[in-house]
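Shown next: upload.pdb, given as PDB, C-alpha atoms.
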ATOM      1  CA  MET A  12      10.960  21.733  -2.003  1.00  0.00           C
ATOM      2  CA  THR A  13       7.813  20.185  -3.434  1.00  0.00           C
ATOM      3  CA  ALA A  14       7.808  19.167  -7.069  1.00  0.00           C
ATOM      4  CA  PRO A  15       4.838  20.883  -8.792  1.00  0.00           C
ATOM      5  CA  GLN A  16       3.599  17.714 -10.483  1.00  0.00           C
ATOM      6  CA  ASP A  17       3.653  15.718  -7.258  1.00  0.00           C
ATOM      7  CA  GLY A  18       1.381  17.903  -5.129  1.00  0.00           C
ATOM      8  CA  PRO A  19       1.911  18.834  -1.499  1.00  0.00           C
ATOM      9  CA  TRP A  20       2.431  15.289  -0.234  1.00  0.00           C
ATOM     10  CA  LEU A  21       5.755  14.608  -1.966  1.00  0.00           C
ATOM     11  CA  ASP A  22       9.123  16.255  -1.552  1.00  0.00           C
ATOM     12  CA  ALA A  23      11.883  15.828  -4.143  1.00  0.00           C
ATOM     13  CA  ALA A  24      14.550  15.139  -1.523  1.00  0.00           C
ATOM     14  CA  ALA A  25      12.588  13.541   1.303  1.00  0.00           C
ATOM     15  CA  GLY A  26      10.019  11.553  -0.662  1.00  0.00           C
ATOM     16  CA  ARG A  27       6.493  11.145   0.675  1.00  0.00           C
ATOM     17  CA  LEU A  28       5.850  13.596   3.508  1.00  0.00           C
ATOM     18  CA  VAL A  29       2.724  11.804   4.732  1.00  0.00           C
ATOM     19  CA  ARG A  30       2.649   8.072   5.368  1.00  0.00           C
ATOM     20  CA  PRO A  31       0.363   6.289   2.888  1.00  0.00           C
ATOM     21  CA  TYR A  32      -1.997   4.923   5.536  1.00  0.00           C
ATOM     22  CA  THR A  33      -2.496   8.431   6.926  1.00  0.00           C
ATOM     23  CA  VAL A  34      -4.289   9.176   3.666  1.00  0.00           C
ATOM     24  CA  SER A  35      -6.831   6.448   4.448  1.00  0.00           C
ATOM     25  CA  ASN A  36      -7.075   7.381   8.159  1.00  0.00           C
ATOM     26  CA  GLY A  37      -5.306   4.141   9.051  1.00  0.00           C
ATOM     27  CA  ARG A  38      -7.892   1.961   7.326  1.00  0.00           C
ATOM     28  CA  THR A  39      -6.494  -1.002   5.459  1.00  0.00           C
ATOM     29  CA  GLN A  40      -9.674  -2.746   4.292  1.00  0.00           C
ATOM     30  CA  PRO A  41     -11.916  -1.234   1.613  1.00  0.00           C
ATOM     31  CA  THR A  42     -15.671  -1.527   2.076  1.00  0.00           C
ATOM     32  CA  THR A  43     -15.991  -2.589  -1.567  1.00  0.00           C
ATOM     33  CA  SER A  44     -14.131  -5.509  -3.127  1.00  0.00           C
ATOM     34  CA  LEU A  45     -11.977  -4.180  -5.974  1.00  0.00           C
ATOM     35  CA  ASP A  46      -9.733  -6.088  -8.349  1.00  0.00           C
ATOM     36  CA  LEU A  47      -6.587  -4.295  -9.551  1.00  0.00           C
ATOM     37  CA  LEU A  48      -7.888  -4.637 -13.113  1.00  0.00           C
ATOM     38  CA  ALA A  49     -11.364  -3.296 -12.300  1.00  0.00           C
ATOM     39  CA  LEU A  50     -12.319  -0.162 -14.186  1.00  0.00           C
ATOM     40  CA  VAL A  51     -13.627   2.816 -12.249  1.00  0.00           C
ATOM     41  CA  MET A  52     -15.364   5.900 -13.623  1.00  0.00           C
ATOM     42  CA  ALA A  53     -16.778   9.049 -12.080  1.00  0.00           C
ATOM     43  CA  THR A  54     -20.573   9.259 -12.059  1.00  0.00           C
ATOM     44  CA  GLY A  55     -20.730  13.041 -11.880  1.00  0.00           C
ATOM     45  CA  ALA A  56     -22.468  12.915  -8.501  1.00  0.00           C
ATOM     46  CA  THR A  57     -21.102  15.268  -5.871  1.00  0.00           C
ATOM     47  CA  PRO A  58     -19.743  13.352  -2.876  1.00  0.00           C
ATOM     48  CA  LEU A  59     -21.457  14.228   0.406  1.00  0.00           C
ATOM     49  CA  GLY A  60     -19.344  14.984   3.442  1.00  0.00           C
ATOM     50  CA  TYR A  61     -15.653  15.742   3.700  1.00  0.00           C
ATOM     51  CA  LEU A  62     -13.236  13.839   1.539  1.00  0.00           C
ATOM     52  CA  GLY A  63      -9.491  14.411   1.452  1.00  0.00           C
ATOM     53  CA  PRO A  64      -7.485  15.924  -1.406  1.00  0.00           C
ATOM     54  CA  GLU A  65      -6.592  12.445  -2.644  1.00  0.00           C
ATOM     55  CA  HIS A  66     -10.259  11.712  -3.229  1.00  0.00           C
ATOM     56  CA  GLY A  67     -10.381  14.747  -5.511  1.00  0.00           C
ATOM     57  CA  GLU A  68      -7.341  13.481  -7.397  1.00  0.00           C
ATOM     58  CA  VAL A  69      -9.040  10.107  -7.809  1.00  0.00           C
ATOM     59  CA  LEU A  70     -12.167  11.747  -9.211  1.00  0.00           C
ATOM     60  CA  GLU A  71     -10.063  13.631 -11.775  1.00  0.00           C
ATOM     61  CA  LEU A  72      -8.369  10.388 -12.813  1.00  0.00           C
ATOM     62  CA  CYS A  73     -11.769   8.702 -13.142  1.00  0.00           C
ATOM     63  CA  ALA A  74     -13.112  11.123 -15.746  1.00  0.00           C
ATOM     64  CA  HIS A  75     -12.575   8.225 -18.155  1.00  0.00           C
ATOM     65  CA  PRO A  76     -12.590   4.507 -17.284  1.00  0.00           C
ATOM     66  CA  THR A  77      -9.333   3.830 -15.457  1.00  0.00           C
ATOM     67  CA  SER A  78      -8.085   0.687 -13.737  1.00  0.00           C
ATOM     68  CA  VAL A  79      -7.451   0.534 -10.010  1.00  0.00           C
ATOM     69  CA  ALA A  80      -3.784  -0.260 -10.715  1.00  0.00           C
ATOM     70  CA  GLU A  81      -3.391   2.843 -12.912  1.00  0.00           C
ATOM     71  CA  ILE A  82      -4.936   5.066 -10.273  1.00  0.00           C
ATOM     72  CA  ALA A  83      -2.585   3.679  -7.615  1.00  0.00           C
ATOM     73  CA  ALA A  84       0.386   4.353  -9.897  1.00  0.00           C
ATOM     74  CA  HIS A  85      -0.717   7.936 -10.618  1.00  0.00           C
ATOM     75  CA  LEU A  86      -1.278   8.638  -6.930  1.00  0.00           C
ATOM     76  CA  LYS A  87       2.003   6.932  -5.995  1.00  0.00           C
ATOM     77  CA  LEU A  88       0.167   5.061  -3.250  1.00  0.00           C
ATOM     78  CA  PRO A  89       0.006   1.355  -2.395  1.00  0.00           C
ATOM     79  CA  ALA A  90      -2.878  -0.497  -4.019  1.00  0.00           C
ATOM     80  CA  ALA A  91      -4.429  -1.241  -0.598  1.00  0.00           C
ATOM     81  CA  VAL A  92      -4.623   2.473   0.250  1.00  0.00           C
ATOM     82  CA  THR A  93      -5.957   3.301  -3.213  1.00  0.00           C
ATOM     83  CA  LYS A  94      -8.693   0.678  -2.831  1.00  0.00           C
ATOM     84  CA  VAL A  95      -9.783   2.289   0.459  1.00  0.00           C
ATOM     85  CA  LEU A  96     -10.014   5.701  -1.241  1.00  0.00           C
ATOM     86  CA  LEU A  97     -11.945   4.213  -4.148  1.00  0.00           C
ATOM     87  CA  SER A  98     -14.348   2.385  -1.844  1.00  0.00           C
ATOM     88  CA  ASP A  99     -15.064   5.696  -0.069  1.00  0.00           C
ATOM     89  CA  LEU A 100     -16.068   7.162  -3.439  1.00  0.00           C
ATOM     90  CA  VAL A 101     -18.139   4.091  -4.359  1.00  0.00           C
ATOM     91  CA  ASP A 102     -19.952   4.318  -1.011  1.00  0.00           C
ATOM     92  CA  CYS A 103     -20.963   7.930  -1.646  1.00  0.00           C
ATOM     93  CA  GLY A 104     -21.957   7.278  -5.271  1.00  0.00           C
ATOM     94  CA  ALA A 105     -19.220   9.395  -6.857  1.00  0.00           C
ATOM     95  CA  ILE A 106     -17.730   6.520  -8.894  1.00  0.00           C
ATOM     96  CA  THR A 107     -18.873   3.229 -10.344  1.00  0.00           C
ATOM     97  CA  THR A 108     -16.826   0.106 -10.862  1.00  0.00           C
ATOM     98  CA  LYS A 109     -16.793  -2.556 -13.510  1.00  0.00           C
ATOM     99  CA  PRO A 110     -15.049  -5.850 -12.761  1.00  0.00           C
ATOM    100  CA  PRO A 111     -12.466  -7.038 -15.263  1.00  0.00           C
ATOM    101  CA  THR A 112     -13.760  -9.258 -18.008  1.00  0.00           C
ATOM    102  CA  PHE A 113     -11.805 -12.147 -19.360  1.00  0.00           C
ATOM    103  CA  HIS A 114     -12.963 -13.511 -22.673  1.00  0.00           C
ATOM    104  CA  ASP A 115     -11.281 -16.832 -22.245  1.00  0.00           C
ATOM    105  CA  ASN A 116      -8.932 -18.137 -19.639  1.00  0.00           C
ATOM    106  CA  PRO A 117      -7.352 -15.291 -17.585  1.00  0.00           C
ATOM    107  CA  THR A 118      -4.216 -17.397 -17.154  1.00  0.00           C
ATOM    108  CA  ASP A 119      -3.908 -18.102 -20.866  1.00  0.00           C
ATOM    109  CA  ARG A 120      -0.182 -18.397 -21.579  1.00  0.00           C
ATOM    110  CA  SER A 121      -0.309 -16.423 -24.839  1.00  0.00           C
ATOM    111  CA  LEU A 122      -2.126 -13.546 -23.097  1.00  0.00           C
ATOM    112  CA  LEU A 123       0.403 -13.487 -20.260  1.00  0.00           C
ATOM    113  CA  GLU A 124       3.297 -13.550 -22.739  1.00  0.00           C
ATOM    114  CA  ALA A 125       1.775 -10.645 -24.686  1.00  0.00           C
ATOM    115  CA  VAL A 126       1.457  -8.617 -21.485  1.00  0.00           C
ATOM    116  CA  LEU A 127       5.046  -9.434 -20.531  1.00  0.00           C
ATOM    117  CA  ASP A 128       6.298  -8.421 -23.997  1.00  0.00           C
ATOM    118  CA  GLY A 129       4.405  -5.131 -23.725  1.00  0.00           C
ATOM    119  CA  LEU A 130       5.898  -4.423 -20.306  1.00  0.00           C
ATOM    120  CA  ARG A 131       9.402  -5.161 -21.557  1.00  0.00           C
ATOM    121  CA  ARG A 132       8.946  -2.691 -24.422  1.00  0.00           C
ATOM    122  CA  GLN A 133       7.862  -0.015 -21.939  1.00  0.00           C
ATOM    123  CA  LEU A 134      10.955  -0.532 -19.785  1.00  0.00           C
TER
END
Once you've parsed the file, please lay out its structure as structure tokens.
Amino acid sequence: MTAPQDGPWLDAAAGRLVRPYTVSNGRTQPTTSLDLLALVMATGATPLGYLGPEHGEVLELCAHPTSVAEIAAHLKLPAAVTKVLLSDLVDCGAITTKPPTFHDNPTDRSLLEAVLDGLRRQL
């Protein structure tokens, strides 16, 4: 039985019914370089050609700026597969990307500790 919030690709007992790389037609390399922290947002342009149901889900998630990592988590897909889907949408002009910005040093210890503390509070 399919859980309503998971869509047709997940089954409560069996898990994912379709292998993740089937979603990307076996492709493992995106055409656009995307960082996990990059923000993506829908442009409002209608994609030309056929795109799968996952592409539609991505567009819904991109109504507001959303990170690549968040989209992968919502889709319950590996980041590599999610990046392929996102690059398809970038290629057809349906989404735009903004690379992550670091104000200082991205490996700043205090920043990393703050992120770790936030994650611990969530778990």
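Distances here use all atoms listed in the file; by that measure, the residue among A:Glu71, A:Gln40, A:Asp99, A:Glu65 closest to Lys87 (chain A) is A:Glu65.
Note that the spacing between CA of Pro41 (chain A) and CA of Leu123 (chain A) amounts to 27.9 Å.
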Practice item. Please indicate the distance in Å from CA of Thr54 (chain A) to CA of Lys109 (chain A), rounded to one decimal place. Key: 12.5 Å
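You will find CA of Ile82 (chain A) at 13.2 Å from CA of Leu100 (chain A).
In terms of minimum interatomic distance to His85 (chain A), A:Val69 ranks closest within A:Val69, A:Leu97, A:Ala105, A:Leu62, counting all atoms listed in the file.
Considering the residues A:Gly63, A:Ser98, A:Thr57, A:Ala90 and counting only C-alpha atoms, Thr43 (chain A) has its shortest atom-to-atom contact with A:Ser98.
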